[in-house]
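Below is the file my_file_3.cif, which contains mmCIF, C-alpha atoms and all ligand atoms.
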```
data_coords
loop_
_atom_site.label_atom_id
_atom_site.label_comp_id
_atom_site.auth_asym_id
_atom_site.auth_seq_id
_atom_site.Cartn_x
_atom_site.Cartn_y
_atom_site.Cartn_z
CA MET N 4 -0.28 98.57 -92.64
CA LYS N 5 0.30 98.87 -88.91
CA LYS N 6 1.89 95.44 -88.84
CA ILE N 7 4.39 96.52 -91.52
CA ALA N 8 5.32 99.69 -89.51
CA VAL N 9 5.89 97.68 -86.36
CA LEU N 10 8.07 95.19 -88.25
CA ILE N 11 10.17 98.02 -89.75
CA LEU N 12 10.63 99.62 -86.30
CA ALA N 13 11.59 96.31 -84.71
CA PHE N 14 14.08 95.62 -87.50
CA SER N 15 15.59 99.12 -87.07
CA CYS N 16 15.94 98.60 -83.34
CA PHE N 17 17.61 95.24 -83.87
CA GLN N 18 20.04 96.78 -86.35
CA CYS N 19 20.79 99.67 -84.05
CA GLU N 20 21.35 97.46 -81.00
CA THR N 21 23.75 95.35 -83.02
CA GLN N 22 25.51 98.53 -84.20
CA VAL N 23 25.80 99.95 -80.69
CA ASN N 24 27.11 96.68 -79.30
CA GLU N 25 29.73 96.50 -82.06
CA MET N 26 30.83 100.08 -81.30
CA ILE N 27 31.13 99.26 -77.57
CA GLU N 28 33.09 96.07 -78.33
CA ASN N 29 35.41 97.91 -80.74
CA ASN N 30 35.70 100.91 -78.44
CA ASP N 31 34.52 102.95 -81.41
CA LYS N 32 34.49 106.69 -80.70
CA VAL N 33 32.15 107.48 -83.59
CA HIS N 34 28.85 108.63 -82.17
CA PRO N 35 26.08 106.18 -83.15
CA CYS N 36 23.70 109.06 -83.74
CA LEU N 37 25.44 109.44 -87.05
CA GLY N 38 23.32 106.45 -87.97
CA SER N 39 19.51 106.34 -88.05
CA THR N 40 17.22 108.46 -85.84
CA SER N 41 15.78 105.41 -84.05
CA CYS N 42 19.28 104.21 -83.37
CA CYS N 43 20.08 107.57 -81.80
CA GLU N 44 17.03 107.30 -79.51
CA ILE N 45 17.97 103.77 -78.42
CA TYR N 46 21.53 104.89 -77.73
CA SER N 47 20.23 107.81 -75.63
CA LEU N 48 17.95 105.48 -73.65
CA THR N 49 20.87 103.13 -73.04
CA SER N 50 23.01 106.02 -71.76
CA ILE N 51 20.20 107.27 -69.46
CA THR N 52 19.70 103.77 -68.06
CA GLN N 53 23.42 103.43 -67.40
CA ASN N 54 23.48 106.87 -65.70
CA LEU N 55 20.44 105.98 -63.57
CA GLY N 56 22.22 102.85 -62.46
CA GLY N 57 25.20 104.92 -61.35
CA VAL N 58 22.98 107.40 -59.48
CA GLY N 59 21.20 104.56 -57.70
CA GLU N 60 24.52 103.13 -56.57
CA LYS N 61 25.61 106.54 -55.24
CA ILE N 62 22.32 106.93 -53.32
CA ALA N 63 22.82 103.49 -51.76
CA ASN N 64 26.35 104.46 -50.69
CA MET N 65 25.09 107.74 -49.20
CA ALA N 66 22.34 105.94 -47.27
CA GLU N 67 24.94 103.60 -45.81
CA LYS N 68 27.12 106.57 -44.77
CA ILE N 69 24.11 108.32 -43.16
CA THR N 70 23.37 105.19 -41.11
CA LEU N 71 26.98 105.11 -39.91
CA LEU N 72 26.88 108.84 -39.03
CA GLU N 73 23.64 108.38 -37.08
CA ALA N 74 25.26 105.60 -35.03
CA LYS N 75 28.31 107.80 -34.36
CA LEU N 76 26.05 110.71 -33.32
CA GLN N 77 24.22 108.55 -30.78
CA THR N 78 27.55 107.40 -29.31
CA THR N 79 28.78 111.01 -29.13
CA GLU N 80 25.61 112.21 -27.36
CA LYS N 81 26.02 109.47 -24.75
CA GLU N 82 29.67 110.41 -24.24
CA VAL N 83 28.73 114.09 -23.82
CA LEU N 84 26.24 113.18 -21.06
CA GLU N 85 28.89 111.06 -19.32
CA LEU N 86 31.46 113.89 -19.58
CA ARG N 87 28.96 116.44 -18.22
CA SER N 88 28.41 114.15 -15.24
CA LEU N 89 32.16 113.67 -14.73
CA ILE N 90 32.99 117.40 -14.75
CA GLY N 91 30.12 118.19 -12.39
CA VAL N 92 27.89 120.13 -14.75
CA SER N 93 24.81 118.46 -13.24
CA PRO N 94 22.67 120.58 -10.88
CA GLN N 95 23.83 120.96 -7.27
CA VAL N 96 21.23 120.11 -4.65
CA ALA N 97 22.08 119.65 -0.94
CA PHE N 98 20.59 120.74 2.36
CA SER N 99 20.88 120.10 6.08
CA ALA N 100 18.90 121.56 8.98
CA ALA N 101 18.28 121.11 12.72
CA LEU N 102 14.94 121.40 14.45
CA ARG N 103 15.36 124.47 16.69
CA GLU N 104 16.77 127.93 15.98
CA SER N 105 16.95 128.56 19.76
CA GLY N 106 15.58 127.43 23.10
CA SER N 107 14.78 123.93 24.28
CA GLY N 108 11.82 121.65 24.94
CA ASN N 109 9.38 119.24 23.39
CA ILE N 110 7.66 119.68 20.03
CA GLY N 111 4.23 118.08 19.96
CA PRO N 112 2.02 116.35 20.62
CA PHE N 113 -0.44 117.23 17.86
CA THR N 114 -3.76 115.56 17.15
CA THR N 115 -2.73 114.84 13.53
CA ALA N 116 0.60 113.91 11.95
CA LYS N 117 2.49 116.92 10.56
CA PRO N 118 5.86 117.66 8.95
CA LEU N 119 8.58 118.70 11.39
CA GLN N 120 9.93 122.15 10.54
CA TYR N 121 13.71 122.00 10.81
CA LYS N 122 14.35 125.74 11.12
CA ARG N 123 18.07 126.01 11.76
CA VAL N 124 19.43 125.68 8.24
CA PHE N 125 23.07 124.63 7.93
CA SER N 126 23.00 124.53 4.14
CA ASN N 127 20.43 124.74 1.36
CA THR N 128 22.16 124.73 -2.02
CA GLY N 129 19.54 124.80 -4.74
CA ASN N 130 16.83 126.03 -2.30
CA SER N 131 14.86 122.81 -2.63
CA TYR N 132 14.28 122.64 1.15
CA ASN N 133 11.73 125.01 2.71
CA PRO N 134 12.40 125.65 6.44
CA ALA N 135 8.97 127.28 6.80
CA THR N 136 7.22 124.00 5.99
CA GLY N 137 9.93 121.39 6.55
CA ILE N 138 9.31 120.04 3.06
CA PHE N 139 11.93 119.24 0.41
CA THR N 140 10.61 119.55 -3.16
CA ALA N 141 12.63 118.05 -6.03
CA MET N 142 13.40 120.51 -8.83
CA VAL N 143 15.56 117.97 -10.65
CA LYS N 144 14.73 114.39 -11.60
CA GLY N 145 17.32 112.11 -10.06
CA MET N 146 18.51 109.77 -7.33
CA TYR N 147 18.56 111.33 -3.83
CA PHE N 148 19.84 110.49 -0.36
CA PHE N 149 17.87 111.56 2.76
CA ARG N 150 18.55 111.09 6.45
CA PHE N 151 16.84 112.21 9.65
CA SER N 152 17.49 111.74 13.36
CA MET N 153 15.10 111.81 16.33
CA PHE N 154 15.64 112.39 20.06
CA ASN N 155 13.47 111.61 23.10
CA ASN N 156 14.63 113.27 26.33
CA LEU N 157 13.17 111.13 29.11
CA SER N 158 9.67 111.79 28.05
CA THR N 159 6.76 110.11 29.70
CA VAL N 160 3.80 109.20 27.49
CA PRO N 161 3.50 109.92 24.59
CA ASN N 162 6.34 108.14 22.81
CA SER N 163 8.41 109.60 20.00
CA VAL N 164 7.71 108.45 16.45
CA VAL N 165 8.97 110.19 13.28
CA SER N 166 8.53 108.88 9.73
CA LEU N 167 10.26 109.91 6.52
CA MET N 168 7.55 110.57 3.95
CA LYS N 169 7.47 110.85 0.15
CA ASN N 170 4.38 112.46 -1.35
CA GLY N 171 2.39 111.47 1.75
CA GLU N 172 3.56 107.85 1.75
CA ARG N 173 5.73 106.46 4.55
CA LEU N 174 9.26 105.42 3.60
CA THR N 175 10.88 104.62 6.94
CA SER N 176 10.56 105.47 10.65
CA VAL N 177 12.27 105.82 14.03
CA TRP N 178 10.46 104.94 17.27
CA ASP N 179 11.43 105.44 20.90
CA THR N 180 9.33 104.16 23.79
CA SER N 181 9.26 106.44 26.80
CA GLY N 182 10.24 105.11 30.18
CA ASN N 183 13.26 104.89 32.43
CA ASP N 184 15.77 104.65 29.53
CA SER N 185 16.38 108.33 28.95
CA HIS N 186 18.00 110.32 26.22
CA ASP N 187 17.33 107.83 23.46
CA MET N 188 17.72 108.68 19.85
CA GLY N 189 17.86 107.00 16.48
CA SER N 190 18.13 107.78 12.78
CA ASN N 191 17.15 106.34 9.44
CA ALA N 192 18.00 107.01 5.79
CA VAL N 193 16.89 106.21 2.26
CA VAL N 194 18.19 106.44 -1.31
CA ILE N 195 15.25 107.07 -3.62
CA PRO N 196 14.51 108.29 -7.17
CA LEU N 197 12.48 111.50 -7.38
CA ASN N 198 10.65 113.17 -10.22
CA VAL N 199 10.34 116.95 -10.48
CA GLY N 200 7.70 118.06 -7.96
CA ASP N 201 8.03 115.07 -5.63
CA ASN N 202 8.33 116.07 -1.97
CA VAL N 203 10.05 114.49 1.01
CA TYR N 204 9.75 115.40 4.69
CA ALA N 205 10.10 114.00 8.22
CA GLU N 206 6.69 113.71 9.83
CA LEU N 207 5.97 113.68 13.56
CA GLN N 208 3.21 111.15 14.05
CA GLU N 209 -0.04 112.09 15.78
CA ASN N 210 0.09 112.31 19.61
CA ARG N 211 3.90 111.93 19.65
CA ILE N 212 6.70 114.27 20.71
CA VAL N 213 10.36 114.96 20.06
CA TYR N 214 12.78 116.96 22.21
CA ASP N 215 15.61 119.27 21.19
CA ASP N 216 17.81 122.10 22.46
CA VAL N 217 21.05 123.82 21.48
CA MET N 218 22.66 120.40 20.98
CA ASN N 219 20.65 119.91 17.73
CA TYR N 220 19.86 116.22 18.12
CA ASN N 221 17.09 116.24 15.49
CA THR N 222 18.32 116.85 11.96
CA PHE N 223 17.01 116.41 8.43
CA SER N 224 19.49 116.27 5.53
CA GLY N 225 19.49 115.29 1.87
CA PHE N 226 21.30 115.70 -1.43
CA LEU N 227 21.15 114.79 -5.09
CA LEU N 228 23.34 111.80 -5.93
CA PHE N 229 22.93 112.02 -9.72
CA THR N 230 20.41 113.16 -12.29
CA MET N 231 18.36 110.71 -14.32
CA CA N 301 13.43 104.64 25.16
#
```

Reformat the file's structure so that it appears as structure tokens.
Amino acid sequence: MKKIAVLILAFSCFQCETQVNEMIENNDKVHPCLGSTSCCEIYSLTSITQNLGGVGEKIANMAEKITLLEAKLQTTEKEVLELRSLIGVSPQVAFSAALRESGSGNIGPFTTAKPLQYKRVFSNTGNSYNPATGIFTAMVKGMYFFRFSMFNNLSTVPNSVVSLMKNGERLTSVWDTSGNDSHDMGSNAVVIPLNVGDNVYAELQENRIVYDDVMNYNTFSGFLLFTM
């Protein structure tokens, strides 16, 4: 009995498919559901399948557009950063200071190395330099320039040695040997990347001296080149 039912259903489906195909070929506007119920169901399934195919195609097109928009957004973000840099929106950090506020004479020697406190502040935009400690602390991640100078005014022993330090590690130094060649001075500079919290200072080495007066021979300066 079941075999007979299956055969009847299969025959109906075959008839209906043939009927639907003929209607499509003849551009027949008569709705096929005017035929048998099973034919109507097959026609509905065919329409749903066709609609699903269209929806899938639309989704694929939208996905392609989204990918293009994401690429454009990335390009725009990069251009915005470049424009901000060009119009000077980046943070302003710059300082310059000399060793003495007044008076004259040697500073040092000390039994341990210590940061020189450049107390006469010429500029300190961004307040990253602390004249009370002599230490510059980066508040912005970026590339920085630093320079210091050192003067030895006909000192006998000890010599003058100052090093530029980053987080306690030596970057560069200036040395002057005492003796008959008086009034010697030198300077050194670096360009270095700093993270927020990194510190830079000029350190007088242990048992060494520097000399200064109103001429302001010893200076410590730095500024932010660009953010990173
Ligand atoms: Ca010398």

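Selection of all polymer residues within 9 Å of ligand CA 301 (chain N) on the basis of only C-alpha atoms and all ligand atoms gives Asn155, Asn156, Leu157, Ser158, Asn162, Ser163, Trp178, Asp179, Thr180, Ser181, Gly182, Asn183, Asp184, Ser185, His186, Asp187 and Met188 of chain N.
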
For the selection just defined, write its residues with C-alpha atoms to a file, as a PDB file, keeping the file's coordinate frame.
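Contents of out-v1.pdb, freshly written:
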```pdb
ATOM      1  CA  ASN N 155      13.470 111.610  23.100  1.00  0.00           C
ATOM      2  CA  ASN N 156      14.630 113.270  26.330  1.00  0.00           C
ATOM      3  CA  LEU N 157      13.170 111.130  29.110  1.00  0.00           C
ATOM      4  CA  SER N 158       9.670 111.790  28.050  1.00  0.00           C
ATOM      5  CA  ASN N 162       6.340 108.140  22.810  1.00  0.00           C
ATOM      6  CA  SER N 163       8.410 109.600  20.000  1.00  0.00           C
ATOM      7  CA  TRP N 178      10.460 104.940  17.270  1.00  0.00           C
ATOM      8  CA  ASP N 179      11.430 105.440  20.900  1.00  0.00           C
ATOM      9  CA  THR N 180       9.330 104.160  23.790  1.00  0.00           C
ATOM     10  CA  SER N 181       9.260 106.440  26.800  1.00  0.00           C
ATOM     11  CA  GLY N 182      10.240 105.110  30.180  1.00  0.00           C
ATOM     12  CA  ASN N 183      13.260 104.890  32.430  1.00  0.00           C
ATOM     13  CA  ASP N 184      15.770 104.650  29.530  1.00  0.00           C
ATOM     14  CA  SER N 185      16.380 108.330  28.950  1.00  0.00           C
ATOM     15  CA  HIS N 186      18.000 110.320  26.220  1.00  0.00           C
ATOM     16  CA  ASP N 187      17.330 107.830  23.460  1.00  0.00           C
ATOM     17  CA  MET N 188      17.720 108.680  19.850  1.00  0.00           C
TER      18      MET N 188
END
```

Separation of atom CA of N:Phe154 from atom CA of N:Ile212, in Å and rounded to one decimal: 9.2 Å

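The shortest atom-to-atom distance to N:Val143, with all atoms listed in the file taken into account, belongs to N:Pro94 out of N:Gly111, N:Pro94, N:Gly225, N:Gly57.
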
Distance in Å - atom CA of N:Asn109 versus atom CA of N:Asn221: 11.4 Å

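If you measure from each of N:Ser47, N:Ser224, N:Thr128, N:Asn219 to N:Met142 using all atoms listed in the file, the closest one turns out to be N:Thr128.
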
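Counting all atoms listed in the file, the residue from N:Tyr121, N:Phe113, N:Phe223, N:Tyr214 that sits nearest to N:Phe149 is N:Phe223.
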
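Interatomic distance, atom CA of N:Val203 against atom CA of N:Ser131: 10.3 Å.
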
Could you name the residues that touch N:Phe226 at 10 Å or less, counting all atoms listed in the file, but leaving out those on the same chain fewer than 2 positions away, as a PDB file with C-alpha atoms, keeping the file's coordinate frame?
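Now in around.pdb:
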```pdb
ATOM      1  CA  GLN N  95      23.830 120.960  -7.270  1.00  0.00           C
ATOM      2  CA  VAL N  96      21.230 120.110  -4.650  1.00  0.00           C
ATOM      3  CA  ALA N  97      22.080 119.650  -0.940  1.00  0.00           C
ATOM      4  CA  PHE N  98      20.590 120.740   2.360  1.00  0.00           C
ATOM      5  CA  SER N  99      20.880 120.100   6.080  1.00  0.00           C
ATOM      6  CA  ASN N 127      20.430 124.740   1.360  1.00  0.00           C
ATOM      7  CA  THR N 128      22.160 124.730  -2.020  1.00  0.00           C
ATOM      8  CA  GLY N 129      19.540 124.800  -4.740  1.00  0.00           C
ATOM      9  CA  SER N 131      14.860 122.810  -2.630  1.00  0.00           C
ATOM     10  CA  MET N 146      18.510 109.770  -7.330  1.00  0.00           C
ATOM     11  CA  TYR N 147      18.560 111.330  -3.830  1.00  0.00           C
ATOM     12  CA  PHE N 148      19.840 110.490  -0.360  1.00  0.00           C
ATOM     13  CA  PHE N 149      17.870 111.560   2.760  1.00  0.00           C
ATOM     14  CA  ARG N 150      18.550 111.090   6.450  1.00  0.00           C
ATOM     15  CA  VAL N 194      18.190 106.440  -1.310  1.00  0.00           C
ATOM     16  CA  SER N 224      19.490 116.270   5.530  1.00  0.00           C
ATOM     17  CA  LEU N 228      23.340 111.800  -5.930  1.00  0.00           C
ATOM     18  CA  PHE N 229      22.930 112.020  -9.720  1.00  0.00           C
TER      19      PHE N 229
END
```

Long-range neighbours of N:Ala135 as a list of chain:residue names, 7 Å cut-off, all atoms listed in the file, 2 positions minimum in chain: N:Gln120, N:Asn133, N:Gly137

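Nearest-residue note for N:Asn210: choosing from N:Pro196, N:Gly56, N:Pro161, N:Pro118, the minimum distance belongs to N:Pro161, counting all atoms listed in the file.
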
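Here the question is which of N:Gln208, N:Ser152, N:Thr140, N:Asn198 gets nearest to N:Arg173 using only C-alpha atoms, and that residue is N:Gln208.
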